[in-house]
Each structure stands twice: as structure tokens, then as C-alpha cells.
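Peer 1: data-v5.cif is reproduced below (mmCIF, C-alpha atoms).
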```cif
data_run
#
loop_
_atom_site.label_atom_id
_atom_site.label_comp_id
_atom_site.auth_asym_id
_atom_site.auth_seq_id
_atom_site.Cartn_x
_atom_site.Cartn_y
_atom_site.Cartn_z
CA MET A 1496 46.98 86.20 10.09
CA LEU A 1497 49.24 86.51 7.06
CA ARG A 1498 52.66 88.01 7.45
CA GLU A 1499 55.31 88.96 4.94
CA ARG A 1500 58.12 86.46 4.41
CA ALA A 1501 61.03 86.84 2.05
CA PRO A 1502 60.78 84.31 -0.83
CA GLU A 1503 63.16 81.38 -0.85
CA ALA A 1504 64.38 80.22 -4.24
CA GLY A 1505 66.69 77.48 -5.36
CA PRO A 1506 67.16 74.83 -8.00
CA THR A 1507 65.47 72.13 -5.93
CA THR A 1508 62.36 74.23 -5.44
CA GLU A 1509 62.26 75.14 -9.12
CA LEU A 1510 62.53 71.50 -10.17
CA MET A 1511 59.66 70.66 -7.84
CA ARG A 1512 57.51 73.40 -9.41
CA LYS A 1513 58.20 72.01 -12.88
CA ALA A 1514 57.40 68.47 -11.77
CA TYR A 1515 54.09 69.56 -10.21
CA ALA A 1516 53.19 71.46 -13.39
CA ARG A 1517 53.57 68.20 -15.35
CA TRP A 1518 51.59 66.20 -12.79
CA ALA A 1519 48.73 68.68 -12.32
CA PRO A 1520 46.55 67.62 -15.30
CA VAL A 1521 46.57 63.92 -14.35
CA TYR A 1522 47.04 64.05 -10.57
CA ASP A 1523 43.40 63.46 -9.65
CA VAL A 1524 43.05 60.49 -12.00
CA VAL A 1525 46.15 58.80 -10.60
CA TYR A 1526 45.78 59.50 -6.88
CA ASP A 1527 42.13 60.20 -5.99
CA LYS A 1528 40.88 56.75 -4.96
CA LEU A 1529 44.30 55.52 -3.88
CA THR A 1530 44.78 58.29 -1.32
CA GLU A 1531 41.18 58.98 -0.25
CA PRO A 1532 41.06 56.78 2.90
CA ALA A 1533 44.33 58.22 4.23
CA ALA A 1534 43.27 61.77 3.35
CA ARG A 1535 39.94 61.37 5.13
CA ALA A 1536 41.68 59.97 8.22
CA ALA A 1537 44.16 62.86 8.20
CA VAL A 1538 41.40 65.47 7.92
CA GLU A 1539 39.47 63.84 10.77
CA ALA A 1540 42.56 63.86 12.98
CA ALA A 1541 43.26 67.52 12.16
CA VAL A 1542 39.77 68.90 12.82
CA ALA A 1543 39.69 67.08 16.16
CA HIS A 1544 41.96 69.90 17.36
CA GLY A 1545 39.60 72.64 16.20
CA PRO A 1546 38.12 74.24 13.09
CA ARG A 1547 41.08 76.33 11.93
CA VAL A 1548 43.26 74.08 9.76
CA LEU A 1549 46.14 74.74 7.41
CA GLU A 1550 46.60 72.13 4.69
CA ALA A 1551 50.23 72.24 3.62
CA GLY A 1552 50.79 70.92 0.12
CA VAL A 1553 47.09 71.11 -0.73
CA GLY A 1554 47.79 70.24 -4.39
CA THR A 1555 44.68 70.01 -6.54
CA GLY A 1556 42.47 70.09 -3.44
CA LEU A 1557 41.45 66.43 -3.42
CA SER A 1558 40.72 66.48 0.33
CA LEU A 1559 39.08 69.92 0.63
CA GLY A 1560 35.61 68.39 0.40
CA TYR A 1561 36.28 66.13 3.40
CA TYR A 1562 36.30 68.98 5.93
CA PRO A 1563 33.19 69.91 7.95
CA ARG A 1564 31.41 72.91 6.47
CA ASP A 1565 31.83 74.88 9.72
CA SER A 1566 35.63 74.63 9.56
CA PHE A 1567 38.07 77.34 8.44
CA VAL A 1568 40.57 75.88 6.01
CA CYS A 1569 43.53 77.52 4.31
CA GLY A 1570 45.66 75.67 1.79
CA VAL A 1571 49.14 76.34 0.45
CA ASP A 1572 51.14 74.72 -2.30
CA LEU A 1573 54.33 75.38 -4.25
CA SER A 1574 52.55 74.88 -7.57
CA GLU A 1575 50.22 77.47 -9.10
CA ASP A 1576 49.19 74.82 -11.65
CA MET A 1577 47.94 72.58 -8.85
CA LEU A 1578 46.21 75.46 -7.08
CA LYS A 1579 44.29 76.49 -10.20
CA ARG A 1580 42.60 73.10 -10.10
CA ALA A 1581 42.01 73.36 -6.35
CA ARG A 1582 40.32 76.76 -6.79
CA ALA A 1583 38.14 75.34 -9.54
CA LYS A 1584 36.99 72.57 -7.17
CA VAL A 1585 36.17 75.11 -4.47
CA ARG A 1586 34.02 77.12 -6.86
CA ARG A 1587 32.35 74.10 -8.48
CA LYS A 1588 31.50 72.35 -5.20
CA GLY A 1589 30.69 75.48 -3.19
CA LEU A 1590 33.31 74.76 -0.53
CA THR A 1591 32.74 77.94 1.48
CA HIS A 1592 34.80 76.62 4.40
CA VAL A 1593 37.94 77.02 2.25
CA LYS A 1594 39.06 80.56 3.02
CA GLY A 1595 42.25 80.82 0.98
CA LEU A 1596 44.53 78.92 -1.42
CA GLN A 1597 47.96 80.45 -1.91
CA VAL A 1598 51.31 79.71 -3.51
CA MET A 1599 53.70 79.27 -0.62
CA ASP A 1600 56.82 77.30 0.32
CA VAL A 1601 55.98 75.11 3.33
CA CYS A 1602 59.48 75.77 4.67
CA ARG A 1603 58.71 79.50 4.82
CA LEU A 1604 55.04 79.92 5.68
CA GLY A 1605 53.62 83.41 5.49
CA TYR A 1606 51.36 83.07 8.55
CA ALA A 1607 51.68 84.51 12.02
CA ASP A 1608 52.58 82.35 15.01
CA ALA A 1609 49.76 80.23 16.49
CA SER A 1610 47.34 80.96 13.61
CA PHE A 1611 45.84 77.46 13.37
CA ASP A 1612 44.44 74.67 15.52
CA ALA A 1613 46.19 72.12 13.31
CA VAL A 1614 48.40 71.69 10.27
CA VAL A 1615 47.85 68.68 8.03
CA ALA A 1616 50.30 67.59 5.32
CA GLN A 1617 49.39 64.71 3.04
CA PHE A 1618 51.98 62.86 0.95
CA LEU A 1619 54.31 65.85 1.26
CA ILE A 1620 56.83 65.67 4.06
CA THR A 1621 59.07 63.03 2.46
CA LEU A 1622 59.42 65.13 -0.71
CA VAL A 1623 60.26 68.63 0.57
CA PRO A 1624 63.96 69.63 0.38
CA ASN A 1625 64.18 70.18 4.15
CA PRO A 1626 61.53 68.22 6.10
CA GLU A 1627 62.72 69.49 9.48
CA ALA A 1628 62.38 73.11 8.35
CA ALA A 1629 58.83 72.41 7.18
CA LEU A 1630 57.95 70.70 10.46
CA SER A 1631 59.33 73.64 12.42
CA GLU A 1632 57.15 76.00 10.39
CA PHE A 1633 54.11 73.80 11.07
CA LEU A 1634 54.93 73.93 14.76
CA ARG A 1635 55.28 77.72 14.69
CA VAL A 1636 51.89 78.40 13.10
CA VAL A 1637 50.01 75.92 15.33
CA ARG A 1638 48.60 77.15 18.63
CA PRO A 1639 49.77 75.57 21.91
CA GLY A 1640 47.92 72.28 22.30
CA GLY A 1641 47.27 72.11 18.56
CA GLY A 1642 48.14 69.28 16.22
CA ILE A 1643 50.39 68.36 13.33
CA VAL A 1644 49.03 65.51 11.21
CA LEU A 1645 51.02 63.77 8.48
CA ALA A 1646 49.64 61.24 6.00
CA ASN A 1647 52.41 59.45 4.13
CA HIS A 1648 54.18 56.26 3.28
CA PHE A 1649 57.02 55.80 5.74
CA GLY A 1650 59.74 53.25 5.16
CA GLN A 1651 60.34 50.31 7.46
CA SER A 1652 62.97 50.92 10.15
CA ASP A 1653 64.81 47.63 9.63
CA GLY A 1654 64.61 44.17 8.14
CA PRO A 1655 64.49 42.92 4.54
CA VAL A 1656 61.67 45.29 3.51
CA ALA A 1657 63.74 48.25 4.69
CA ARG A 1658 66.67 47.13 2.54
CA VAL A 1659 64.44 46.79 -0.54
CA GLU A 1660 63.00 50.26 0.08
CA GLU A 1661 66.47 51.75 0.22
CA ILE A 1662 67.43 50.02 -3.05
CA VAL A 1663 64.37 51.27 -4.96
CA ALA A 1664 64.45 54.77 -3.42
CA PRO A 1665 66.08 56.46 -6.46
CA LEU A 1666 63.39 55.06 -8.79
CA CYS A 1667 60.57 56.10 -6.45
CA THR A 1668 61.96 59.63 -6.28
CA LYS A 1669 61.72 59.92 -10.06
CA ILE A 1670 57.97 59.20 -9.99
CA GLY A 1671 57.24 61.45 -7.03
CA TRP A 1672 57.41 59.01 -4.10
CA SER A 1673 59.85 58.35 -1.32
CA SER A 1674 60.25 54.72 -0.27
CA ASP A 1675 62.99 54.90 2.35
CA PHE A 1676 62.05 57.96 4.45
CA LYS A 1677 61.54 56.70 8.01
CA ALA A 1678 59.01 57.93 10.56
CA THR A 1679 61.83 57.74 13.08
CA ARG A 1680 63.34 60.85 11.46
CA ILE A 1681 60.20 62.83 12.28
CA GLU A 1682 59.99 61.32 15.75
CA ALA A 1683 63.59 62.46 16.38
CA TRP A 1684 62.63 65.99 15.32
CA ALA A 1685 59.66 65.84 17.70
CA ARG A 1686 61.87 64.86 20.64
CA ARG A 1687 64.31 67.70 19.91
CA ASN A 1688 61.47 70.22 19.80
CA GLY A 1689 59.39 69.05 22.74
CA VAL A 1690 56.55 67.83 20.51
CA GLU A 1691 54.41 64.91 21.67
CA VAL A 1692 54.03 62.03 19.21
CA VAL A 1693 50.43 60.90 19.73
CA GLY A 1694 50.42 57.92 17.40
CA LEU A 1695 51.34 56.29 14.10
CA ALA A 1696 48.42 54.37 12.58
CA PRO A 1697 48.30 52.31 9.36
CA THR A 1698 45.63 52.95 6.75
CA PHE A 1699 44.65 51.88 3.22
CA PRO A 1700 46.01 50.20 1.20
CA GLY A 1701 47.14 47.46 3.57
CA GLY A 1702 48.97 49.85 5.86
CA PHE A 1703 51.09 51.28 3.03
CA PHE A 1704 50.06 54.79 4.08
CA LYS A 1705 50.21 55.84 7.70
CA ILE A 1706 48.81 58.70 9.76
CA LEU A 1707 51.35 60.28 12.11
CA ARG A 1708 49.76 62.52 14.75
CA MET A 1709 51.70 64.98 16.90
CA ARG A 1710 50.67 67.60 19.45
CA LYS A 1711 52.28 70.92 20.32
CA ARG A 1712 52.61 71.16 24.07
CA GLY A 1713 50.53 73.85 25.76
#
```
In C-alpha cells, how does this file's structure come out?

Peer 2:
Amino acid sequence: MLRERAPEAGPTTELMRKAYARWAPVYDVVYDKLTEPAARAAVEAAVAHGPRVLEAGVGTGLSLGYYPRDSFVCGVDLSEDMLKRARAKVRRKGLTHVKGLQVMDVCRLGYADASFDAVVAQFLITLVPNPEAALSEFLRVVRPGGGIVLANHFGQSDGPVARVEEIVAPLCTKIGWSSDFKATRIEAWARRNGVEVVGLAPTFPGGFFKILRMRKRG
């Protein structure tokens, strides 16, 4: 299933690695309960397509315990510091359905075409340097008829809230969030690539996070 891909390096990627190294020790404390409902919803939507799931941007593995034990889950992340904590969770909790956790750039996945029933990315797509490149890689490694599931905060398309989100975007970026990234950008990518947008559903807290579901045409 794995294939060799040339590594992609750059200052943006390196800055992200350094940021994740700083966040790794405190990530679970900050985000666990806040993100759990959205993460559970994303996992449920992903496994509905089948047992073989790639979690892109798996981080410290907060959601690995939410998968059914008969699933086949691989996780990738840019940060080795995050993955060390994810591997520790897998060992401590006996998560035998997790088959591999690897350092990998989501814009250059080292998996063969059509390797998975679904790809799920949680709180990731608005932060990668090239979201469209990442989405295209997700599409490549998903089988025909499989799914792409994104859990994220997406900015409002218009109105006063949208203007506030655009104003505070630079501050949010500094703390690891994106406030003004619109779901319409992903929907435009889907139209260009013949991908079906299945739905965009709000979740906790108060609809701040949303689950965007897409399907690769068969």
C-alpha cells in the first residue's frame, strides 16, 4: 500500500513542524473535550464508507479510540513529536485497529492510489500550506465511491460575522486556528474535480465546528 514519494521541504513546512513540537505536550489538555464531539462525528462518517481509513493530521491520536475495533486505521502527521504521543496511546489502550502511524506531508502522501475507503482530516485543512493539494491527495488514495470527511471551523460566507472573522484571522493564525477559511473554497475544489459534496453539518460547540462530507464518484 505504501509507495515511495520524494520529500517536500520548505520554510512553511518547517515552521509548522516547530509549532507542533511546542504544542505537543499540552495539545490533549487544550483540545480533548473541545473537539471530541466533532471528532466522533467525523470518525462515524468516515467508517460509514468502510473499515479502511486514513486519518490525515492524526496529531496526538485523540480520536484513534473512537474507531470500531474491526477497522483498519492508518494515521499520518507532519510532527514526530505529536506521533510519539499517538503511539503511546495506541500501546497504552491496546488499539490494535491502528495499523500504522507515520511522519508524512498530507500534500504528498506515500500511499498507492485507491488504498482507503475514506480519508478523514480533523482541524487540519485550513492550516496546510496548500489545501487543494492535500484534498487532491486525499482523493487519489480513496477508492471510487469512498469518502473524504473534514471536521473544522469554516468561516461564514458573508455578513457581519464574516467581516469579523477576516479581521481576526491574523491573530487566529498565530494560535493555530483559521477563522476566515470558507467551506466554499473546498466546495469549489470539489466541483472542479468531479467530487460530490454530500453535506455540511454543524456540531459542538454551537455549530462552531462543522463536518463536511464528500464522496469520490465511482

Peer 1: Restricting the calculation to only C-alpha atoms, which member of A:Ile1681, A:Leu1578, A:Leu1549, A:Val1568 is positioned closest to Val1615 in chain A?

Peer 2: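 Smallest distance to Val1615 in chain A is found for A:Leu1549.
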
Peer 1: Apply the PyMOL selection byres ((chain A and resi 1569) around 8) to the displayed file and report the matching residues as a ChimeraX atom specification.

Peer 2: /A:1548-1550,1567-1568,1570-1571,1593-1596

Peer 1: Can you turn the PyMOL selection byres ((chain A and resi 1560) around 9) into a concrete residue list for this file, as a PDB file with C-alpha atoms, in the coordinates of the input?

Peer 2:
```pdb
ATOM      1  CA  GLY A1556      42.470  70.090  -3.440  1.00  0.00           C
ATOM      2  CA  LEU A1557      41.450  66.430  -3.420  1.00  0.00           C
ATOM      3  CA  SER A1558      40.720  66.480   0.330  1.00  0.00           C
ATOM      4  CA  LEU A1559      39.080  69.920   0.630  1.00  0.00           C
ATOM      5  CA  TYR A1561      36.280  66.130   3.400  1.00  0.00           C
ATOM      6  CA  TYR A1562      36.300  68.980   5.930  1.00  0.00           C
ATOM      7  CA  PRO A1563      33.190  69.910   7.950  1.00  0.00           C
ATOM      8  CA  ARG A1564      31.410  72.910   6.470  1.00  0.00           C
ATOM      9  CA  LYS A1584      36.990  72.570  -7.170  1.00  0.00           C
ATOM     10  CA  VAL A1585      36.170  75.110  -4.470  1.00  0.00           C
ATOM     11  CA  LYS A1588      31.500  72.350  -5.200  1.00  0.00           C
ATOM     12  CA  LEU A1590      33.310  74.760  -0.530  1.00  0.00           C
TER      13      LEU A1590
END
```

Peer 1: My list of candidates is A:Leu1630, A:Ala1551, A:Met1577, A:Val1644. Which is closest to Asp1600 in chain A when distances are computed with all atoms listed in the file?

Peer 2: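 Going through A:Leu1630, A:Ala1551, A:Met1577, A:Val1644 one by one, the smallest distance to Asp1600 in chain A is for A:Ala1551.
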
Peer 1: Could you tell me how far CA of Val1637 in chain A sits from CA of His1544 in chain A, in Å to one decimal place?

Peer 2: 10.3 Å

Peer 1: Using all atoms listed in the file, find the one residue out of A:Gly1694, A:Pro1624, A:Pro1639, A:Pro1532 that sits nearest to Cys1602 in chain A.

Peer 2: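 Distance minimum relative to Cys1602 in chain A lands on A:Pro1624.
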
Peer 1: May I ask which of the residues A:Pro1697, A:Gly1641, A:Pro1626, A:Gly1554 is the closest one to Val1542 in chain A, counting all atoms listed in the file?

Peer 2: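 Among the listed residues, A:Gly1641 lies closest to Val1542 in chain A.
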
Peer 1: Please indicate the distance in Å from CA of Phe1703 in chain A to CA of Gly1650 in chain A, rounded to one decimal place.

Peer 2: 9.1 Å

Peer 1: Grab the CA of Ile1620 in chain A to CA of Arg1687 in chain A distance for me, in Å with one decimal place.

Peer 2: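 Value for the CA of Ile1620 in chain A-CA of Arg1687 in chain A distance: 17.6 Å.
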
Peer 1: Under the PyMOL selection byres ((chain A and resi 1698) around 12), which residues of this model are included? Write them out as number ranges by chain.

Peer 2: A: 1529-1537, 1646-1649, 1695-1697, 1699-1707

Peer 1: Provide an axis-aligned box for all listed atoms of range 1547-1559 of chain A, padding each side by 4 Å; report its centre and its edge lengths in Å to one decimal, as AutoDock Vina command-line options.

Peer 2:
```
--center_x 44.9 --center_y 71.4 --center_z 2.7 --size_x 19.7 --size_y 17.9 --size_z 26.5
```

Peer 1: Excluding Gly1642 in chain A and any residue of its chain fewer than 4 positions from it, enumerate the residues within 7 Å of it, using only C-alpha atoms, and give them as a PyMOL selection string.

Peer 2: chain A and resi 1541+1544+1612-1614+1637+1709-1711

Peer 1: From the list A:Val1538, A:Leu1573, A:Ala1583, A:Leu1622, which residue is nearest Val1601 in chain A when using only C-alpha atoms?

Peer 2: A:Leu1573

Peer 1: Restricting the calculation to all atoms listed in the file: of A:Arg1708, A:Glu1627, A:Leu1645, A:Ala1616, which residue gets closest to Ala1683 in chain A?

Peer 2: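 Smallest separation from Ala1683 in chain A among the options: A:Glu1627.
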